[in-house]
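target_23.txt follows (compact mmCIF, N, CA and C atoms):
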# COMPACT_ATOMS: atom_id res chain seq x y z
N MET K 136 95.64 80.05 52.80
CA MET K 136 94.74 80.19 53.92
C MET K 136 93.70 81.25 53.60
N ALA K 137 92.45 80.98 53.88
CA ALA K 137 91.37 81.91 53.60
C ALA K 137 91.15 82.84 54.79
N CYS K 138 90.57 84.00 54.51
CA CYS K 138 90.22 84.94 55.57
C CYS K 138 89.09 84.36 56.40
N GLY K 139 89.17 84.55 57.69
CA GLY K 139 88.17 83.99 58.59
C GLY K 139 87.22 85.03 59.14
N SER K 140 86.40 84.60 60.09
CA SER K 140 85.40 85.47 60.68
C SER K 140 85.48 85.52 62.21
N THR K 141 86.58 85.01 62.77
CA THR K 141 86.78 85.05 64.21
C THR K 141 87.35 86.42 64.59
N SER K 142 86.66 87.11 65.47
CA SER K 142 87.09 88.45 65.87
C SER K 142 88.49 88.42 66.49
N LEU K 143 89.35 89.33 66.04
CA LEU K 143 90.71 89.42 66.55
C LEU K 143 90.96 90.74 67.26
N TRP K 144 90.61 91.87 66.61
CA TRP K 144 90.93 93.18 67.16
C TRP K 144 90.06 94.24 66.52
N ALA K 145 90.10 95.46 67.06
CA ALA K 145 89.41 96.61 66.47
C ALA K 145 90.25 97.85 66.75
N GLY K 146 90.19 98.81 65.85
CA GLY K 146 90.95 100.05 66.02
C GLY K 146 90.95 100.84 64.74
N GLU K 147 91.98 101.65 64.58
CA GLU K 147 92.13 102.47 63.38
C GLU K 147 93.02 101.77 62.35
N ALA K 148 92.64 101.91 61.09
CA ALA K 148 93.50 101.47 59.98
C ALA K 148 94.00 102.72 59.27
N THR K 149 95.26 102.69 58.90
CA THR K 149 95.87 103.74 58.08
C THR K 149 96.47 103.05 56.86
N TRP K 150 97.11 103.82 55.98
CA TRP K 150 97.71 103.19 54.80
C TRP K 150 99.16 103.61 54.64
N PHE K 151 99.92 102.79 53.92
CA PHE K 151 101.35 103.01 53.71
C PHE K 151 101.76 102.46 52.36
N CYS K 152 102.89 102.90 51.88
CA CYS K 152 103.41 102.46 50.58
C CYS K 152 104.54 101.45 50.78
N CYS K 153 104.64 100.48 49.87
CA CYS K 153 105.73 99.51 49.91
C CYS K 153 105.91 98.90 48.52
N GLY K 154 107.11 98.44 48.26
CA GLY K 154 107.38 97.75 46.99
C GLY K 154 107.44 98.69 45.80
N ASN K 155 107.03 98.17 44.63
CA ASN K 155 107.07 98.94 43.39
C ASN K 155 106.13 100.12 43.42
N ALA K 156 106.43 101.14 42.61
CA ALA K 156 105.54 102.30 42.48
C ALA K 156 104.16 101.82 42.05
N TRP K 157 103.13 102.42 42.66
CA TRP K 157 101.75 102.04 42.35
C TRP K 157 100.83 103.18 42.76
N GLY K 158 99.99 103.63 41.86
CA GLY K 158 99.06 104.71 42.18
C GLY K 158 99.79 105.92 42.73
N SER K 159 99.38 106.36 43.92
CA SER K 159 99.98 107.55 44.53
C SER K 159 101.30 107.25 45.23
N CYS K 160 101.76 106.01 45.19
CA CYS K 160 103.00 105.61 45.87
C CYS K 160 104.19 105.54 44.92
N GLY K 161 105.30 106.09 45.38
CA GLY K 161 106.55 105.88 44.66
C GLY K 161 107.13 104.53 45.08
N SER K 162 108.25 104.17 44.52
CA SER K 162 108.91 102.93 44.88
C SER K 162 109.39 103.00 46.33
N ALA K 163 109.21 101.92 47.07
CA ALA K 163 109.60 101.86 48.48
C ALA K 163 110.14 100.47 48.78
N GLY K 164 110.63 100.26 49.98
CA GLY K 164 111.13 98.96 50.38
C GLY K 164 110.01 97.93 50.44
N THR K 165 110.37 96.67 50.50
CA THR K 165 109.38 95.59 50.48
C THR K 165 109.00 95.10 51.88
N GLY K 166 109.29 95.88 52.90
CA GLY K 166 108.83 95.59 54.24
C GLY K 166 109.61 94.52 54.97
N ALA K 167 109.22 94.30 56.21
CA ALA K 167 109.91 93.37 57.10
C ALA K 167 109.91 91.94 56.58
N CYS K 168 108.90 91.58 55.80
CA CYS K 168 108.80 90.21 55.28
C CYS K 168 109.45 90.07 53.90
N GLY K 169 109.80 91.20 53.28
CA GLY K 169 110.42 91.17 51.95
C GLY K 169 109.45 90.93 50.81
N THR K 170 108.15 90.99 51.07
CA THR K 170 107.15 90.68 50.04
C THR K 170 106.14 91.79 49.81
N CYS K 171 106.20 92.86 50.56
CA CYS K 171 105.15 93.89 50.53
C CYS K 171 105.11 94.64 49.20
N GLN K 172 103.90 94.80 48.66
CA GLN K 172 103.66 95.52 47.41
C GLN K 172 102.40 96.36 47.56
N SER K 173 102.50 97.67 47.26
CA SER K 173 101.36 98.58 47.37
C SER K 173 100.16 98.15 46.54
N GLY K 174 100.41 97.50 45.41
CA GLY K 174 99.34 97.10 44.50
C GLY K 174 98.67 95.79 44.87
N LYS K 175 99.04 95.19 46.00
CA LYS K 175 98.41 93.95 46.47
C LYS K 175 97.74 94.21 47.81
N ASN K 176 96.79 93.37 48.17
CA ASN K 176 96.08 93.52 49.44
C ASN K 176 96.93 92.96 50.57
N MET K 177 97.73 93.86 51.14
CA MET K 177 98.68 93.49 52.19
C MET K 177 98.55 94.45 53.35
N ALA K 178 99.19 94.09 54.47
CA ALA K 178 99.08 94.90 55.67
C ALA K 178 100.33 94.81 56.53
N ALA K 179 100.43 95.77 57.44
CA ALA K 179 101.48 95.76 58.46
C ALA K 179 100.80 95.61 59.82
N TRP K 180 101.40 94.80 60.69
CA TRP K 180 100.84 94.46 62.00
C TRP K 180 101.86 94.84 63.08
N PRO K 181 101.44 95.48 64.18
CA PRO K 181 102.37 95.95 65.21
C PRO K 181 103.09 94.85 66.00
N ASN K 182 102.60 93.64 65.97
CA ASN K 182 103.25 92.55 66.70
C ASN K 182 103.63 91.43 65.72
N LEU K 183 104.35 91.81 64.67
CA LEU K 183 104.81 90.87 63.66
C LEU K 183 105.98 90.03 64.19
N SER K 184 106.75 90.62 65.11
CA SER K 184 107.91 89.96 65.71
C SER K 184 108.28 90.71 66.98
N ALA K 185 109.20 90.16 67.75
CA ALA K 185 109.66 90.85 68.96
C ALA K 185 110.32 92.19 68.59
N ALA K 186 111.11 92.20 67.53
CA ALA K 186 111.77 93.44 67.10
C ALA K 186 110.73 94.48 66.67
N CYS K 187 109.70 94.04 65.99
CA CYS K 187 108.62 94.93 65.57
C CYS K 187 107.91 95.51 66.80
N TRP K 188 107.58 94.65 67.75
CA TRP K 188 106.90 95.08 68.98
C TRP K 188 107.71 96.18 69.69
N ASP K 189 109.03 96.02 69.71
CA ASP K 189 109.89 97.00 70.38
C ASP K 189 109.81 98.37 69.71
N ILE K 190 109.48 98.42 68.43
CA ILE K 190 109.35 99.67 67.68
C ILE K 190 107.95 100.27 67.83
N THR K 191 106.94 99.44 67.71
CA THR K 191 105.55 99.93 67.64
C THR K 191 104.92 100.13 69.02
N ARG K 192 105.24 99.29 69.99
CA ARG K 192 104.79 99.34 71.37
C ARG K 192 103.29 99.68 71.55
N PRO K 193 102.40 98.90 70.93
CA PRO K 193 100.97 99.16 71.11
C PRO K 193 100.52 99.00 72.56
N ASP K 194 101.29 98.25 73.37
CA ASP K 194 100.94 98.07 74.78
C ASP K 194 100.93 99.39 75.55
N LEU K 195 101.72 100.36 75.09
CA LEU K 195 101.74 101.67 75.74
C LEU K 195 100.43 102.43 75.55
N CYS K 196 99.61 101.96 74.61
CA CYS K 196 98.28 102.54 74.36
C CYS K 196 97.18 101.61 74.85
N GLY K 197 97.55 100.58 75.59
CA GLY K 197 96.56 99.63 76.09
C GLY K 197 96.18 98.54 75.10
N GLU K 198 96.94 98.41 74.01
CA GLU K 198 96.66 97.42 72.97
C GLU K 198 97.65 96.27 73.09
N ASN K 199 97.29 95.22 73.80
CA ASN K 199 98.16 94.06 73.96
C ASN K 199 97.84 93.03 72.89
N MET K 200 98.18 93.37 71.69
CA MET K 200 97.82 92.60 70.50
C MET K 200 98.59 91.30 70.39
N PRO K 201 97.95 90.26 69.88
CA PRO K 201 98.63 88.97 69.73
C PRO K 201 99.67 89.01 68.60
N ARG K 202 100.66 88.16 68.70
CA ARG K 202 101.67 88.02 67.66
C ARG K 202 101.06 87.32 66.46
N ARG K 203 101.24 87.90 65.29
CA ARG K 203 100.90 87.29 64.01
C ARG K 203 102.09 87.55 63.10
N THR K 204 102.51 86.57 62.33
CA THR K 204 103.76 86.66 61.59
C THR K 204 103.54 86.82 60.08
N CYS K 205 104.64 86.98 59.37
CA CYS K 205 104.61 87.15 57.91
C CYS K 205 103.75 86.07 57.27
N GLY K 206 102.87 86.49 56.37
CA GLY K 206 102.03 85.56 55.65
C GLY K 206 100.68 85.27 56.29
N ALA K 207 100.49 85.69 57.56
CA ALA K 207 99.19 85.51 58.21
C ALA K 207 98.14 86.30 57.43
N VAL K 208 96.93 85.78 57.41
CA VAL K 208 95.84 86.39 56.65
C VAL K 208 94.79 86.92 57.61
N MET K 209 94.31 88.14 57.32
CA MET K 209 93.28 88.78 58.15
C MET K 209 92.21 89.38 57.26
N ASN K 210 91.02 89.46 57.80
CA ASN K 210 89.90 90.10 57.12
C ASN K 210 89.66 91.42 57.85
N VAL K 211 89.71 92.53 57.13
CA VAL K 211 89.54 93.85 57.72
C VAL K 211 88.20 94.41 57.23
N ARG K 212 87.34 94.81 58.20
CA ARG K 212 86.01 95.32 57.86
C ARG K 212 85.85 96.75 58.33
N HIS K 213 85.45 97.64 57.40
CA HIS K 213 85.17 99.03 57.72
C HIS K 213 83.97 99.07 58.66
N GLN K 214 84.12 99.70 59.81
CA GLN K 214 83.06 99.76 60.81
C GLN K 214 81.77 100.38 60.29
N CYS K 215 81.88 101.37 59.40
CA CYS K 215 80.70 102.11 58.96
C CYS K 215 80.02 101.49 57.76
N SER K 216 80.79 101.19 56.72
CA SER K 216 80.20 100.70 55.48
C SER K 216 80.02 99.19 55.46
N GLY K 217 80.79 98.48 56.28
CA GLY K 217 80.75 97.02 56.27
C GLY K 217 81.60 96.41 55.16
N ALA K 218 82.24 97.25 54.34
CA ALA K 218 83.12 96.74 53.28
C ALA K 218 84.28 95.97 53.90
N THR K 219 84.69 94.89 53.26
CA THR K 219 85.77 94.07 53.79
C THR K 219 86.86 93.84 52.75
N VAL K 220 88.05 93.55 53.24
CA VAL K 220 89.16 93.18 52.38
C VAL K 220 90.01 92.14 53.13
N CYS K 221 90.44 91.14 52.40
CA CYS K 221 91.30 90.09 52.94
C CYS K 221 92.75 90.51 52.66
N VAL K 222 93.58 90.58 53.71
CA VAL K 222 94.97 91.02 53.56
C VAL K 222 95.94 89.97 54.09
N THR K 223 97.17 90.03 53.56
CA THR K 223 98.26 89.19 54.01
C THR K 223 99.28 90.07 54.71
N LEU K 224 99.73 89.67 55.90
CA LEU K 224 100.73 90.45 56.63
C LEU K 224 102.07 90.39 55.92
N ALA K 225 102.64 91.60 55.70
CA ALA K 225 103.89 91.68 54.96
C ALA K 225 104.87 92.70 55.54
N ASP K 226 104.51 93.35 56.65
CA ASP K 226 105.39 94.38 57.21
C ASP K 226 105.05 94.61 58.68
N CYS K 227 105.93 95.34 59.33
CA CYS K 227 105.77 95.76 60.72
C CYS K 227 105.18 97.17 60.75
N GLY K 228 104.20 97.40 61.58
CA GLY K 228 103.62 98.74 61.72
C GLY K 228 102.15 98.64 62.07
N PRO K 229 101.49 99.72 62.27
CA PRO K 229 102.00 101.09 62.41
C PRO K 229 102.69 101.30 63.76
N ARG K 230 103.31 102.46 63.91
CA ARG K 230 103.97 102.80 65.17
C ARG K 230 102.89 103.29 66.15
N THR K 231 102.13 102.35 66.67
CA THR K 231 100.96 102.63 67.50
C THR K 231 101.27 103.61 68.63
N LYS K 232 102.42 103.44 69.29
CA LYS K 232 102.75 104.26 70.46
C LYS K 232 102.78 105.76 70.15
N SER K 233 102.97 106.13 68.90
CA SER K 233 103.03 107.55 68.52
C SER K 233 101.66 108.18 68.38
N PHE K 234 100.59 107.38 68.46
CA PHE K 234 99.24 107.90 68.22
C PHE K 234 98.25 107.44 69.29
N CYS K 235 98.71 107.21 70.53
CA CYS K 235 97.83 106.75 71.61
C CYS K 235 96.64 107.70 71.77
N GLY K 236 95.46 107.12 71.82
CA GLY K 236 94.25 107.90 72.04
C GLY K 236 93.64 108.51 70.81
N GLU K 237 94.34 108.49 69.69
CA GLU K 237 93.77 109.02 68.45
C GLU K 237 92.51 108.23 68.12
N ALA K 238 91.46 108.92 67.70
CA ALA K 238 90.18 108.24 67.42
C ALA K 238 89.67 108.58 66.03
N THR K 239 89.03 107.60 65.41
CA THR K 239 88.33 107.77 64.14
C THR K 239 86.91 107.27 64.36
N CYS K 240 85.94 108.10 64.01
CA CYS K 240 84.54 107.81 64.33
C CYS K 240 83.66 107.82 63.09
N CYS K 241 82.53 107.14 63.21
CA CYS K 241 81.47 107.21 62.23
C CYS K 241 80.18 106.73 62.88
N ASN K 242 79.10 107.31 62.50
CA ASN K 242 77.79 106.93 63.05
C ASN K 242 77.79 106.91 64.58
N GLY K 243 78.57 107.80 65.19
CA GLY K 243 78.60 107.92 66.64
C GLY K 243 79.44 106.89 67.37
N ALA K 244 80.09 105.98 66.64
CA ALA K 244 80.95 104.97 67.26
C ALA K 244 82.39 105.22 66.83
N CYS K 245 83.30 105.14 67.79
CA CYS K 245 84.71 105.44 67.51
C CYS K 245 85.60 104.23 67.76
N ARG K 246 86.71 104.18 67.04
CA ARG K 246 87.79 103.21 67.26
C ARG K 246 89.03 104.04 67.55
N THR K 247 89.83 103.59 68.49
CA THR K 247 91.03 104.33 68.86
C THR K 247 92.29 103.51 68.59
N ASN K 248 93.36 104.24 68.42
CA ASN K 248 94.72 103.71 68.24
C ASN K 248 94.91 103.02 66.89
N ARG K 249 96.00 103.39 66.25
CA ARG K 249 96.35 102.78 64.96
C ARG K 249 96.82 101.35 65.20
N VAL K 250 96.08 100.39 64.68
CA VAL K 250 96.39 98.98 64.94
C VAL K 250 96.75 98.18 63.70
N ILE K 251 96.52 98.75 62.51
CA ILE K 251 96.89 98.05 61.28
C ILE K 251 97.12 99.08 60.19
N ASP K 252 98.14 98.85 59.39
CA ASP K 252 98.41 99.66 58.19
C ASP K 252 98.06 98.80 56.99
N LEU K 253 97.35 99.39 56.04
CA LEU K 253 96.98 98.68 54.82
C LEU K 253 97.71 99.28 53.63
N THR K 254 98.01 98.45 52.65
CA THR K 254 98.55 98.98 51.40
C THR K 254 97.46 99.79 50.72
N PRO K 255 97.80 100.68 49.79
CA PRO K 255 96.78 101.44 49.08
C PRO K 255 95.73 100.56 48.41
N SER K 256 96.16 99.44 47.85
CA SER K 256 95.22 98.52 47.21
C SER K 256 94.18 98.03 48.21
N ALA K 257 94.63 97.62 49.39
CA ALA K 257 93.71 97.12 50.42
C ALA K 257 92.85 98.24 50.99
N PHE K 258 93.46 99.39 51.25
CA PHE K 258 92.73 100.51 51.85
C PHE K 258 91.59 100.97 50.93
N THR K 259 91.89 101.08 49.63
CA THR K 259 90.86 101.56 48.70
C THR K 259 89.75 100.54 48.47
N ALA K 260 89.98 99.29 48.87
CA ALA K 260 88.92 98.28 48.77
C ALA K 260 87.82 98.54 49.79
N ILE K 261 88.16 99.27 50.88
CA ILE K 261 87.16 99.52 51.91
C ILE K 261 86.92 101.00 52.21
N GLY K 262 87.74 101.88 51.65
CA GLY K 262 87.58 103.31 51.91
C GLY K 262 88.39 104.15 50.94
N SER K 263 88.38 105.44 51.16
CA SER K 263 89.09 106.38 50.30
C SER K 263 90.45 106.75 50.90
N LEU K 264 91.49 106.72 50.08
CA LEU K 264 92.82 107.09 50.56
C LEU K 264 92.82 108.48 51.19
N SER K 265 91.99 109.38 50.65
CA SER K 265 91.97 110.75 51.15
C SER K 265 91.49 110.84 52.60
N SER K 266 90.78 109.84 53.07
CA SER K 266 90.33 109.87 54.48
C SER K 266 91.49 109.63 55.43
N GLY K 267 92.51 108.91 54.98
CA GLY K 267 93.71 108.68 55.77
C GLY K 267 93.58 107.63 56.86
N LYS K 268 92.44 107.58 57.52
CA LYS K 268 92.22 106.63 58.62
C LYS K 268 90.79 106.09 58.51
N LEU K 269 90.62 104.85 58.94
CA LEU K 269 89.29 104.22 58.96
C LEU K 269 89.11 103.48 60.27
N PRO K 270 87.89 103.48 60.82
CA PRO K 270 87.63 102.62 61.97
C PRO K 270 87.32 101.21 61.46
N VAL K 271 88.04 100.23 62.01
CA VAL K 271 87.89 98.87 61.46
C VAL K 271 87.79 97.81 62.56
N TYR K 272 87.24 96.67 62.13
CA TYR K 272 87.25 95.43 62.88
C TYR K 272 88.16 94.48 62.12
N ILE K 273 88.93 93.66 62.85
CA ILE K 273 89.86 92.73 62.23
C ILE K 273 89.50 91.31 62.66
N TYR K 274 89.45 90.42 61.68
CA TYR K 274 89.09 89.03 61.90
C TYR K 274 90.17 88.13 61.33
N GLU K 275 90.19 86.88 61.83
CA GLU K 275 91.12 85.91 61.25
C GLU K 275 90.45 84.55 61.15

For this file, produce the structure as structure tokens.
Amino acid sequence: MACGSTSLWAGEATWFCCGNAWGSCGSAGTGACGTCQSGKNMAAWPNLSAACWDITRPDLCGENMPRRTCGAVMNVRHQCSGATVCVTLADCGPRTKSFCGEATCCNGACRTNRVIDLTPSAFTAIGSLSSGKLPVYIYE
């Protein structure tokens, strides 16, 4: 399945490690789907499953995100630079409820709440790992 251009969501993107050691990541688990690898363009979504939703609870931050499951493909675009990366969902996360109201801004426009975690490979395709968070638009 190819990445699409239909708007799905907007918010903050962060990064996480999974699978084999890669770059700044040590070896970690392969995520909720069993396929996650830091060196591939993959992501974690807060509504991957009912069990995932119970952990991440984005609704507590006003984010009633649609369910998307393992293997779903999304296009993530950096709000400021316009850089994009196509990712495959491979894990549950981020724990949105722990960061309600957190904002990341650029050019006077802000996105709030952590709504997607990207692997280091995916994150560096659109931004610098050292920034930690990026304001993004998500398409499918």

### Task
Pull the strand (DSSP E) assignments for chain K out of DSSP run on the backbone, and list those residues as a PyMOL selection string.
chain K and resi 142-150+177-180+208-213+219-227+238-241+244-247+249-253+269-274

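Using only C-alpha atoms, the contacts of Thr259 in chain K at a cut-off of 10 Å, with sequence neighbours closer than 6 positions omitted, comprise Trp150, Asn176, Val220, Leu253 and Ser265 of chain K.
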
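By all atoms listed in the file, and with residues fewer than 6 positions from Gly166 in chain K along its chain excluded, the set lying at most 6.5 Å from it is Cys153, Gly154, Ala225, Asp226 and Cys227 of chain K.
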
### Message
Quick one: residues within 6.5 Å of Arg202 in chain K, all atoms listed in the file, excluding same-chain residues fewer than 2 positions away - as an MDAnalysis selection string?
### Response
chainID K and resid 182:184 200 204

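Reported to one decimal place, the separation of CA of Trp157 in chain K from CA of Ala257 in chain K is 12.4 Å.
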
### Query
With only N, CA and C atoms as the atoms that count, which of K:Asp194, K:Asn248, K:Ser256, K:Ser263 lies nearest to Gly174 in chain K?
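Selected residue with least distance to Gly174 in chain K: K:Ser256.
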
### Message
I'd like the contact shell of Cys215 in chain K - 9 Å cut-off, only C-alpha atoms, skipping same-chain residues fewer than 5 positions apart - returned as a PyMOL selection string.
### Response
chain K and resi 240-242+244+269-271

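Shortest separation to Tyr272 in chain K among K:Leu195, K:Ala167, K:Val222, K:Val211 occurs at residue K:Val211, atoms counted being only N, CA and C atoms.
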
### Query
Quick one: residues within 8 Å of Thr223 in chain K, all atoms listed in the file counted, chain neighbours fewer than 2 positions away excluded, as a PyMOL selection string?
chain K and resi 175-180+204-210+220-221+225-226

Generate a file of the selected residues that holds N, CA and C atoms, formatted as a PDB file, in the coordinates of the input.
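Listing of out-v4.pdb after writing:
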ATOM      1  N   LYS K 175      99.040  95.190  46.000  1.00  0.00           N
ATOM      2  CA  LYS K 175      98.410  93.950  46.470  1.00  0.00           C
ATOM      3  C   LYS K 175      97.740  94.210  47.810  1.00  0.00           C
ATOM      4  N   ASN K 176      96.790  93.370  48.170  1.00  0.00           N
ATOM      5  CA  ASN K 176      96.080  93.520  49.440  1.00  0.00           C
ATOM      6  C   ASN K 176      96.930  92.960  50.570  1.00  0.00           C
ATOM      7  N   MET K 177      97.730  93.860  51.140  1.00  0.00           N
ATOM      8  CA  MET K 177      98.680  93.490  52.190  1.00  0.00           C
ATOM      9  C   MET K 177      98.550  94.450  53.350  1.00  0.00           C
ATOM     10  N   ALA K 178      99.190  94.090  54.470  1.00  0.00           N
ATOM     11  CA  ALA K 178      99.080  94.900  55.670  1.00  0.00           C
ATOM     12  C   ALA K 178     100.330  94.810  56.530  1.00  0.00           C
ATOM     13  N   ALA K 179     100.430  95.770  57.440  1.00  0.00           N
ATOM     14  CA  ALA K 179     101.480  95.760  58.460  1.00  0.00           C
ATOM     15  C   ALA K 179     100.800  95.610  59.820  1.00  0.00           C
ATOM     16  N   TRP K 180     101.400  94.800  60.690  1.00  0.00           N
ATOM     17  CA  TRP K 180     100.840  94.460  62.000  1.00  0.00           C
ATOM     18  C   TRP K 180     101.860  94.840  63.080  1.00  0.00           C
ATOM     19  N   THR K 204     102.510  86.570  62.330  1.00  0.00           N
ATOM     20  CA  THR K 204     103.760  86.660  61.590  1.00  0.00           C
ATOM     21  C   THR K 204     103.540  86.820  60.080  1.00  0.00           C
ATOM     22  N   CYS K 205     104.640  86.980  59.370  1.00  0.00           N
ATOM     23  CA  CYS K 205     104.610  87.150  57.910  1.00  0.00           C
ATOM     24  C   CYS K 205     103.750  86.070  57.270  1.00  0.00           C
ATOM     25  N   GLY K 206     102.870  86.490  56.370  1.00  0.00           N
ATOM     26  CA  GLY K 206     102.030  85.560  55.650  1.00  0.00           C
ATOM     27  C   GLY K 206     100.680  85.270  56.290  1.00  0.00           C
ATOM     28  N   ALA K 207     100.490  85.690  57.560  1.00  0.00           N
ATOM     29  CA  ALA K 207      99.190  85.510  58.210  1.00  0.00           C
ATOM     30  C   ALA K 207      98.140  86.300  57.430  1.00  0.00           C
ATOM     31  N   VAL K 208      96.930  85.780  57.410  1.00  0.00           N
ATOM     32  CA  VAL K 208      95.840  86.390  56.650  1.00  0.00           C
ATOM     33  C   VAL K 208      94.790  86.920  57.610  1.00  0.00           C
ATOM     34  N   MET K 209      94.310  88.140  57.320  1.00  0.00           N
ATOM     35  CA  MET K 209      93.280  88.780  58.150  1.00  0.00           C
ATOM     36  C   MET K 209      92.210  89.380  57.260  1.00  0.00           C
ATOM     37  N   ASN K 210      91.020  89.460  57.800  1.00  0.00           N
ATOM     38  CA  ASN K 210      89.900  90.100  57.120  1.00  0.00           C
ATOM     39  C   ASN K 210      89.660  91.420  57.850  1.00  0.00           C
ATOM     40  N   VAL K 220      88.050  93.550  53.240  1.00  0.00           N
ATOM     41  CA  VAL K 220      89.160  93.180  52.380  1.00  0.00           C
ATOM     42  C   VAL K 220      90.010  92.140  53.130  1.00  0.00           C
ATOM     43  N   CYS K 221      90.440  91.140  52.400  1.00  0.00           N
ATOM     44  CA  CYS K 221      91.300  90.090  52.940  1.00  0.00           C
ATOM     45  C   CYS K 221      92.750  90.510  52.660  1.00  0.00           C
ATOM     46  N   ALA K 225     102.640  91.600  55.700  1.00  0.00           N
ATOM     47  CA  ALA K 225     103.890  91.680  54.960  1.00  0.00           C
ATOM     48  C   ALA K 225     104.870  92.700  55.540  1.00  0.00           C
ATOM     49  N   ASP K 226     104.510  93.350  56.650  1.00  0.00           N
ATOM     50  CA  ASP K 226     105.390  94.380  57.210  1.00  0.00           C
ATOM     51  C   ASP K 226     105.050  94.610  58.680  1.00  0.00           C
TER      52      ASP K 226
END

#### Entry: Of the listed residues K:Ala238, K:Ala137, K:Cys160, K:Ile273, that which approaches Ser173 in chain K most closely, counting only C-alpha atoms
K:Cys160

Quick one: what's the axis-aligned box for range 190-196 of chain K, all listed atoms, 4 Å on every side, centre and edges in Å to one decimal, as JSON?
{"center_x": 103.3, "center_y": 100.3, "center_z": 71.7, "size_x": 20.3, "size_y": 12.5, "size_z": 16.1}

### Query
Of the candidates K:Gly164, K:Gly146, K:Gly197, K:Gly158, which shows the shortest atom-to-atom distance to Pro255 in chain K, using only N, CA and C atoms?
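Closest to Pro255 in chain K, using only N, CA and C atoms: K:Gly158.
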
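Shortest separation to Cys171 in chain K among K:Cys235, K:Trp144, K:Gly262, K:Leu224 occurs at residue K:Leu224, atoms counted being only N, CA and C atoms.
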
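A straight line drawn from atom C of Gln172 in chain K to atom C of Pro193 in chain K is 25.2 Å long.
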